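**Student:** Sharing upload_19.txt below, compact mmCIF, C-alpha atoms:
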# COMPACT_ATOMS: atom_id res chain seq x y z
CA MET A 439 137.60 17.80 95.92
CA ARG A 440 138.53 21.39 96.72
CA LYS A 441 137.69 22.92 100.10
CA ALA A 442 135.96 26.33 99.99
CA ARG A 443 137.83 29.09 101.83
CA ALA A 444 135.68 31.12 104.22
CA PHE A 445 136.10 33.26 107.32
CA THR A 446 135.73 31.52 110.63
CA LEU A 447 133.59 32.88 113.43
CA VAL A 448 136.71 33.71 115.44
CA GLU A 449 138.17 35.78 112.58
CA ILE A 450 134.94 37.73 112.21
CA LEU A 451 134.78 38.39 115.95
CA ILE A 452 138.38 39.68 115.95
CA VAL A 453 137.57 42.11 113.13
CA VAL A 454 134.42 43.33 114.94
CA VAL A 455 136.38 43.88 118.18
CA LEU A 456 139.12 45.79 116.33
CA LEU A 457 136.55 48.02 114.64
CA GLY A 458 134.93 48.67 118.03
CA VAL A 459 138.27 49.70 119.52
CA LEU A 460 138.99 52.03 116.60
CA ALA A 461 135.53 53.59 116.89
CA ALA A 462 136.06 54.14 120.62
CA ILE A 463 139.24 56.07 119.81
CA VAL A 464 137.98 58.08 116.83
CA ILE A 465 134.48 59.14 117.99
CA PRO A 466 135.63 61.29 120.99
CA VAL A 467 138.25 62.98 118.80
CA MET A 468 135.61 63.85 116.22
CA ALA A 469 133.23 65.15 118.91
CA SER A 470 135.87 67.48 120.38
CA SER A 471 136.76 68.82 116.93
CA GLY A 472 133.10 69.80 116.49
CA ASN A 473 133.21 71.77 119.74
CA ALA A 474 136.48 73.39 118.69
CA ALA A 475 134.86 74.51 115.41
CA LYS A 476 131.88 75.94 117.33
CA GLY A 477 134.28 77.74 119.67
CA SER A 478 136.07 79.27 116.70
CA ALA A 479 132.77 80.36 115.13
CA LEU A 480 131.71 81.84 118.48
CA ALA A 481 134.92 83.89 118.73
CA THR A 482 134.44 85.16 115.16
CA ASP A 483 130.81 86.14 115.80
CA LEU A 484 131.76 87.93 119.02
CA SER A 485 134.46 89.86 117.18
CA LEU A 486 131.92 90.85 114.51
CA LEU A 487 129.37 92.02 117.10
CA ARG A 488 131.99 93.94 119.09
CA ARG A 489 133.27 95.72 115.98
CA PHE A 490 129.70 96.60 114.98
CA MET A 491 129.11 98.15 118.40
CA VAL A 492 132.27 100.29 118.21
CA VAL A 493 131.56 101.52 114.67
CA TYR A 494 127.89 102.20 115.43
CA LYS A 495 128.80 104.22 118.52
CA SER A 496 131.31 106.32 116.57
CA HIS A 497 128.64 107.16 113.95
CA HIS A 498 125.85 107.95 116.42
CA LEU A 499 127.03 110.70 118.75
CA GLU A 500 128.75 108.16 121.05
CA VAL A 501 125.46 106.36 121.78
CA PRO A 502 125.87 102.57 121.58
CA PRO A 503 123.34 100.37 119.78
CA GLY A 504 120.32 99.08 121.68
CA TYR A 505 118.82 102.36 122.84
CA PRO A 506 115.51 103.10 121.05
CA ASP A 507 115.95 106.15 118.81
CA GLY A 508 119.36 106.77 120.39
CA ASP A 509 117.85 107.79 123.76
CA LYS A 510 120.37 106.70 126.43
CA THR A 511 117.79 107.37 129.17
CA ALA A 512 115.47 104.71 127.72
CA ALA A 513 115.87 101.04 128.54
CA PRO A 514 117.90 99.26 125.84
CA THR A 515 115.98 96.59 123.90
CA ASN A 516 116.76 93.61 121.68
CA ASP A 517 114.48 95.06 118.96
CA ALA A 518 116.35 98.37 118.90
CA PHE A 519 119.72 96.57 118.85
CA GLU A 520 118.66 94.38 115.94
CA ALA A 521 117.13 97.26 113.97
CA GLN A 522 120.18 99.46 114.47
CA ALA A 523 122.42 96.63 113.28
CA THR A 524 120.43 95.57 110.21
CA LEU A 525 118.65 98.73 108.99
CA ALA A 526 119.75 102.20 107.94
CA SER A 527 119.96 104.83 110.67
CA ASN A 528 120.44 108.55 111.09
CA ALA A 529 122.92 110.26 113.44
CA SER A 530 120.44 110.24 116.34
CA GLY A 531 119.87 106.47 116.10
CA ALA A 532 116.41 106.31 114.52
CA THR A 533 116.12 103.50 111.95
CA ALA A 534 114.47 103.17 108.55
CA ALA A 535 114.64 101.01 105.45
CA VAL A 536 117.91 101.07 103.55
CA GLY A 537 117.90 103.91 101.01
CA THR A 538 115.64 106.21 103.04
CA VAL A 539 116.73 109.84 102.64
CA GLY A 540 118.50 111.15 105.74
CA PHE A 541 119.40 107.67 107.02
CA LYS A 542 122.96 107.42 105.77
CA TYR A 543 124.45 104.95 108.25
CA GLY A 544 124.21 101.17 108.15
CA PRO A 545 123.23 98.52 107.79
CA TYR A 546 126.19 97.19 109.73
CA LEU A 547 125.16 93.52 109.71
CA SER A 548 122.89 91.50 107.43
CA ARG A 549 121.52 89.77 110.56
CA ILE A 550 122.40 89.13 114.18
CA PRO A 551 124.53 85.96 114.14
CA SER A 552 123.21 82.88 115.92
CA ASN A 553 125.20 81.59 118.84
CA PRO A 554 126.80 78.42 117.42
CA PHE A 555 126.17 76.43 120.61
CA ASN A 556 122.50 77.15 121.30
CA GLY A 557 121.38 78.39 117.87
CA LEU A 558 119.75 81.55 119.30
CA ASP A 559 120.20 85.00 117.80
CA THR A 560 118.39 86.98 120.49
CA VAL A 561 120.23 89.55 122.57
CA GLN A 562 119.46 90.03 126.25
CA MET A 563 119.98 93.74 126.83
CA LEU A 564 121.06 94.77 130.31
CA ALA A 565 119.67 98.01 131.73
CA ASN A 566 121.95 100.90 132.62
CA GLY A 567 123.67 100.17 135.90
CA ALA A 568 122.87 96.44 135.77
CA ALA A 569 125.64 93.91 136.17
CA PHE A 570 126.19 90.89 133.97
CA PRO A 571 124.62 87.74 135.43
CA ALA A 572 127.07 85.68 137.49
CA ALA A 573 126.69 82.81 134.99
CA ALA A 574 125.11 82.17 131.61
CA ASP A 575 121.76 80.39 131.49
CA GLY A 576 121.58 79.70 127.73
CA SER A 577 118.22 81.45 127.26
CA HIS A 578 119.56 83.94 124.68
CA GLY A 579 122.26 83.91 122.05
CA TRP A 580 124.08 86.90 123.50
CA ILE A 581 124.07 89.16 126.56
CA CYS A 582 124.84 92.83 125.93
CA LYS A 583 125.56 95.73 128.25
CA PRO A 584 125.35 98.70 125.86
CA GLU A 585 126.29 101.19 128.57
CA THR A 586 129.85 99.78 128.58
CA GLY A 587 129.92 98.30 125.07
CA GLU A 588 130.33 94.73 126.34
CA ILE A 589 128.74 91.67 124.78
CA ARG A 590 129.10 88.04 125.85
CA PRO A 591 127.84 84.70 124.58
CA ASP A 592 125.05 83.14 126.67
CA ASN A 593 126.85 79.78 126.99
CA LYS A 594 127.16 77.51 130.02
CA ASP A 595 129.97 75.32 128.67
CA SER A 596 133.76 75.66 128.54
CA ASP A 597 136.28 75.20 125.76
CA GLU A 598 138.90 72.42 125.63
CA ASN A 599 141.25 74.55 127.79
CA GLY A 600 138.64 74.95 130.52
CA LYS A 601 137.86 78.61 129.77
CA ALA A 602 134.13 79.36 130.02
CA TYR A 603 132.62 80.53 126.72
CA TYR A 604 130.77 83.14 128.81
CA ASP A 605 134.16 84.76 129.50
CA TYR A 606 135.24 84.99 125.84
Could I get this file's structure written as structure tokens?
**Tutor:**
Amino acid sequence: MRKARAFTLVEILIVVVLLGVLAAIVIPVMASSGNAAKGSALATDLSLLRRFMVVYKSHHLEVPPGYPDGDKTAAPTNDAFEAQATLASNASGATAAVGTVGFKYGPYLSRIPSNPFNGLDTVQMLANGAAFPAAADGSHGWICKPETGEIRPDNKDSDENGKAYYDY
């Protein structure tokens, strides 16, 4: 009579323990690589937004995006910023549909990019003379100070080197 070969309970437990140890090692590495990818996407989006702001300003009589109809005395708004980025505009900063006669500039972006960490594409516009908040609160995708041409991500977290995303 031939004895059937099977795994013993001890052998199965050893395999389960080894798989648990491997999972404990691999899962944190995978999680940090996801954050690194988001950090890289964040840096790329910030570069894109910053370049848009410089080019827009050079086309529009040195008025940065965000001011309704290019009026630097008006309070900057998210709606004006988005329209000036994604629609056609004239030299004074008024916007219209692409192809409208007299609106030869833009669109500069197809859309405002979403912040990869919080998924928001809204821009908190700071009024002239206002300072950046001391810390991010995550309520918007981006925080912009058009008066100085600065834009920051509205992120509370830090990258793997300890640098706050807010300071990118």
**Student:** Smallest atom-to-atom distance to Met491 in chain A: which of A:Asn553, A:Ser530, A:Gln522, A:Asn566, using all atoms listed in the file?
**Tutor:**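 Nearest to Met491 in chain A: A:Gln522.
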**Student:** Taking into account all atoms listed in the file, which residue in the set A:Ser577, A:Ser596, A:Gln562, A:Asn528 is nearest to Asn516 in chain A?
**Tutor:**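 Smallest distance to Asn516 in chain A is found for A:Gln562.
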**Student:** Nearest residue to Gly504 in chain A out of A:Gly567, A:Gly458, A:Gly587, A:Gly537, using only C-alpha atoms?
**Tutor:**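 Checking each candidate against Gly504 in chain A, we get A:Gly587 as the closest.
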**Student:** Using only C-alpha atoms, list the residues that have an atom at most 12 Å from (132.7, 102.0, 130.9), coordinates as in the file, as a PyMOL selection string.
**Tutor:** chain A and resi 502+566-567+569+583-588
